[in-house]
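Asker: One structure, pasted below without further comment.
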Amino acid sequence: MSQLKEDQQKFSIMFAEFVVWLYAQGFTARQGDGWRGTDKLFVPTGGKGFDDDSAYSYQELLFYNNKTKLPYGKHNDRLAHDLVIEKNDQPITDVDNRLIGERWESVGGRWGGRFGVKKEDYATKIGWDAGHFEL
């Protein structure tokens, strides 16, 4: 079995257990982005039909539109998933975000709430992608 396939299986189990843990703590979760394909998406160009020169993958489109920092990332390898997490139908607090992110890290994952934050500021700052969880 390939390392990627092993990692995907590990991530699937970790993520499922993590979502169960979230609900046990009183949070709710809704799906965000999971897998982002690398197939090229052809964009219609009016009367000309489809223009092959303007074909980009979903991840590339997000990148070129400044919605992600990478043209290829863990989502493309099925090793990341985004969640919208709430408590009592309200957005979660920074304290809850940190609790959740640290839980994910404790089981071996990488949390997007650390993105863009210096290690010495982890206790006081949350990065730009707190709803992102990856292996």
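Ligands are numbered from 1 in the order shown, residues from 1 within each chain, and chains are lettered A, B, ... in the order they appear in the structure tokens.
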Excluding same-chain residues fewer than 4 positions from region 102-115 of chain A, what lies within 10 Å of it counting only C-alpha atoms, as a count of residues only?
Answerer: 28
Asker: Hey, what's within 10 Å of Val20 (chain A) if we count only C-alpha atoms and toss same-chain stuff fewer than 6 positions away? As a VMD selection string, please?
Answerer: chain A and resid 27 to 29
Asker: Keeping only N, CA, C and O atoms, write those residues as a tab-separated table (two decimals), in the first residue's frame.
Answerer:
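Writing the result to again-v4.tsv gives the following:
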```
chain	number	residue	atom	x	y	z
A	27	PHE	N	-20.49	20.84	20.68
A	27	PHE	CA	-20.36	21.62	19.46
A	27	PHE	C	-21.17	20.96	18.35
A	27	PHE	O	-21.52	19.79	18.43
A	28	THR	N	-21.47	21.72	17.32
A	28	THR	CA	-22.03	21.16	16.09
A	28	THR	C	-21.05	21.50	14.97
A	28	THR	O	-20.29	22.47	15.05
A	29	ALA	N	-21.08	20.69	13.93
A	29	ALA	CA	-20.15	20.89	12.83
A	29	ALA	C	-20.87	20.70	11.50
A	29	ALA	O	-21.72	19.82	11.37
```
Asker: If you run DSSP on this backbone, which residues of chain A come out as strand (DSSP E or B), and could you give them as a short mmCIF file (atom, residue, chain, number, x, y, z; two decimals) with N, CA, C and O atoms, in the first residue's frame?
Answerer:
```cif
data_model
loop_
_atom_site.label_atom_id
_atom_site.label_comp_id
_atom_site.auth_asym_id
_atom_site.auth_seq_id
_atom_site.Cartn_x
_atom_site.Cartn_y
_atom_site.Cartn_z
N THR A 28 -21.47 21.72 17.32
CA THR A 28 -22.03 21.16 16.09
C THR A 28 -21.05 21.50 14.97
O THR A 28 -20.29 22.47 15.05
N ALA A 29 -21.08 20.69 13.93
CA ALA A 29 -20.15 20.89 12.83
C ALA A 29 -20.87 20.70 11.50
O ALA A 29 -21.72 19.82 11.37
N ARG A 30 -20.54 21.56 10.57
CA ARG A 30 -21.04 21.43 9.20
C ARG A 30 -19.84 21.32 8.26
O ARG A 30 -18.78 21.87 8.52
N GLN A 31 -20.06 20.61 7.17
CA GLN A 31 -19.00 20.37 6.20
C GLN A 31 -18.57 21.66 5.51
O GLN A 31 -19.40 22.47 5.12
N LEU A 41 -10.94 22.62 -14.86
CA LEU A 41 -12.31 23.06 -15.05
C LEU A 41 -12.31 24.06 -16.20
O LEU A 41 -11.60 25.08 -16.15
N PRO A 44 -16.58 28.61 -19.67
CA PRO A 44 -17.20 29.06 -20.91
C PRO A 44 -16.80 30.51 -21.21
O PRO A 44 -16.71 31.33 -20.31
N PHE A 50 -15.84 26.71 -25.00
CA PHE A 50 -14.87 26.53 -23.92
C PHE A 50 -13.47 26.82 -24.43
O PHE A 50 -13.07 26.38 -25.49
N TYR A 56 -8.44 25.74 -15.24
CA TYR A 56 -7.74 25.65 -13.97
C TYR A 56 -8.46 24.65 -13.08
O TYR A 56 -9.67 24.49 -13.17
N ALA A 80 -7.05 16.78 4.18
CA ALA A 80 -7.51 17.97 4.90
C ALA A 80 -9.01 18.11 4.74
O ALA A 80 -9.58 17.67 3.74
N HIS A 81 -9.61 18.73 5.74
CA HIS A 81 -11.05 19.00 5.68
C HIS A 81 -11.33 20.26 6.49
O HIS A 81 -10.72 20.48 7.53
N ASP A 82 -12.25 21.08 6.00
CA ASP A 82 -12.66 22.29 6.70
C ASP A 82 -14.03 22.05 7.32
O ASP A 82 -14.87 21.37 6.74
N LEU A 83 -14.22 22.63 8.49
CA LEU A 83 -15.49 22.54 9.20
C LEU A 83 -15.97 23.93 9.61
O LEU A 83 -15.15 24.80 9.92
N VAL A 84 -17.27 24.09 9.65
CA VAL A 84 -17.90 25.25 10.27
C VAL A 84 -18.41 24.74 11.62
O VAL A 84 -19.29 23.89 11.67
N ILE A 85 -17.82 25.23 12.69
CA ILE A 85 -18.13 24.72 14.03
C ILE A 85 -18.88 25.80 14.81
O ILE A 85 -18.48 26.97 14.81
N GLU A 86 -19.95 25.38 15.47
CA GLU A 86 -20.75 26.29 16.29
C GLU A 86 -21.06 25.65 17.63
O GLU A 86 -20.90 24.44 17.81
N LYS A 87 -21.52 26.47 18.55
CA LYS A 87 -22.02 26.00 19.83
C LYS A 87 -23.28 26.79 20.14
O LYS A 87 -23.25 28.02 20.08
N GLN A 90 -24.32 29.45 17.62
CA GLN A 90 -23.52 30.68 17.59
C GLN A 90 -22.09 30.34 17.17
O GLN A 90 -21.60 29.24 17.44
N PRO A 91 -21.41 31.28 16.51
CA PRO A 91 -19.99 31.05 16.22
C PRO A 91 -19.22 30.79 17.51
O PRO A 91 -19.57 31.32 18.57
N ARG A 110 -2.62 18.64 12.12
CA ARG A 110 -2.15 20.03 11.99
C ARG A 110 -3.38 20.91 11.86
O ARG A 110 -4.25 20.67 11.03
N TRP A 111 -3.43 21.96 12.67
CA TRP A 111 -4.59 22.84 12.76
C TRP A 111 -4.32 24.17 12.05
O TRP A 111 -3.29 24.81 12.26
N HIS A 132 -9.79 24.69 9.60
CA HIS A 132 -9.04 23.75 8.74
C HIS A 132 -8.32 22.72 9.60
O HIS A 132 -7.62 23.07 10.55
N PHE A 133 -8.49 21.45 9.23
CA PHE A 133 -7.86 20.34 9.95
C PHE A 133 -7.21 19.42 8.94
O PHE A 133 -7.85 18.98 7.98
N GLU A 134 -5.91 19.13 9.13
CA GLU A 134 -5.20 18.29 8.18
C GLU A 134 -4.27 17.33 8.89
O GLU A 134 -3.97 17.49 10.07
#
```
Asker: Using DSSP on the backbone coordinates, identify the residues of chain A assigned to helix (DSSP H, G or I); present them as a ChimeraX atom specification.
Answerer: /A:3-24,46-48,52-54,58-64,74-77,94-106,112-114,119-121
Asker: Between CA of Ser57 (chain A) and CA of Lys40 (chain A), what is the spacing in Å?
Answerer: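 Between CA of Lys40 (chain A) and CA of Ser57 (chain A) the gap is 4.4 Å.
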Asker: Quick one: residues within 9 Å of Arg36 (chain A), only C-alpha atoms counted, chain neighbours fewer than 4 positions away excluded, as a short mmCIF file (atom, residue, chain, number, x, y, z; two decimals) with N, CA, C and O atoms, in the first residue's frame?
Answerer:
```cif
data_model
loop_
_atom_site.label_atom_id
_atom_site.label_comp_id
_atom_site.auth_asym_id
_atom_site.auth_seq_id
_atom_site.Cartn_x
_atom_site.Cartn_y
_atom_site.Cartn_z
N SER A 57 -7.72 24.04 -12.16
CA SER A 57 -8.38 23.19 -11.17
C SER A 57 -9.08 24.08 -10.13
O SER A 57 -8.80 25.28 -10.04
N TYR A 58 -9.94 23.48 -9.35
CA TYR A 58 -10.63 24.22 -8.29
C TYR A 58 -9.62 24.85 -7.35
O TYR A 58 -9.73 26.03 -6.98
N GLN A 59 -8.61 24.09 -6.95
CA GLN A 59 -7.58 24.62 -6.04
C GLN A 59 -6.85 25.80 -6.67
O GLN A 59 -6.61 26.81 -6.02
N GLY A 73 -2.50 21.72 -2.32
CA GLY A 73 -2.42 21.56 -0.88
C GLY A 73 -2.93 20.21 -0.41
O GLY A 73 -3.22 19.31 -1.20
N LYS A 74 -3.05 20.08 0.88
CA LYS A 74 -3.48 18.82 1.50
C LYS A 74 -4.89 18.41 1.08
O LYS A 74 -5.20 17.22 1.03
N HIS A 75 -5.74 19.38 0.76
CA HIS A 75 -7.08 19.03 0.28
C HIS A 75 -6.99 18.21 -1.01
O HIS A 75 -7.80 17.31 -1.23
N ASN A 76 -6.01 18.52 -1.84
CA ASN A 76 -5.85 17.80 -3.10
C ASN A 76 -5.48 16.34 -2.89
O ASN A 76 -5.77 15.50 -3.74
N ASP A 77 -4.83 16.05 -1.78
CA ASP A 77 -4.43 14.67 -1.46
C ASP A 77 -5.42 13.96 -0.53
O ASP A 77 -5.12 12.89 -0.02
N ARG A 78 -6.56 14.59 -0.29
CA ARG A 78 -7.57 14.04 0.62
C ARG A 78 -7.02 13.89 2.04
O ARG A 78 -7.35 12.95 2.76
#
```
Asker: Can you work out the spacing between CA of Gly37 (chain A) and CA of Gly101 (chain A) in Å, to one decimal?
Answerer: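 Taking CA of Gly37 (chain A) as the start and CA of Gly101 (chain A) as the end point, the length is 25.6 Å.
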Asker: In Å, how far is it from CA of Ile13 (chain A) to CA of Gln25 (chain A)?
Answerer: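 Result for CA of Ile13 (chain A) versus CA of Gln25 (chain A): 18.5 Å, one decimal.
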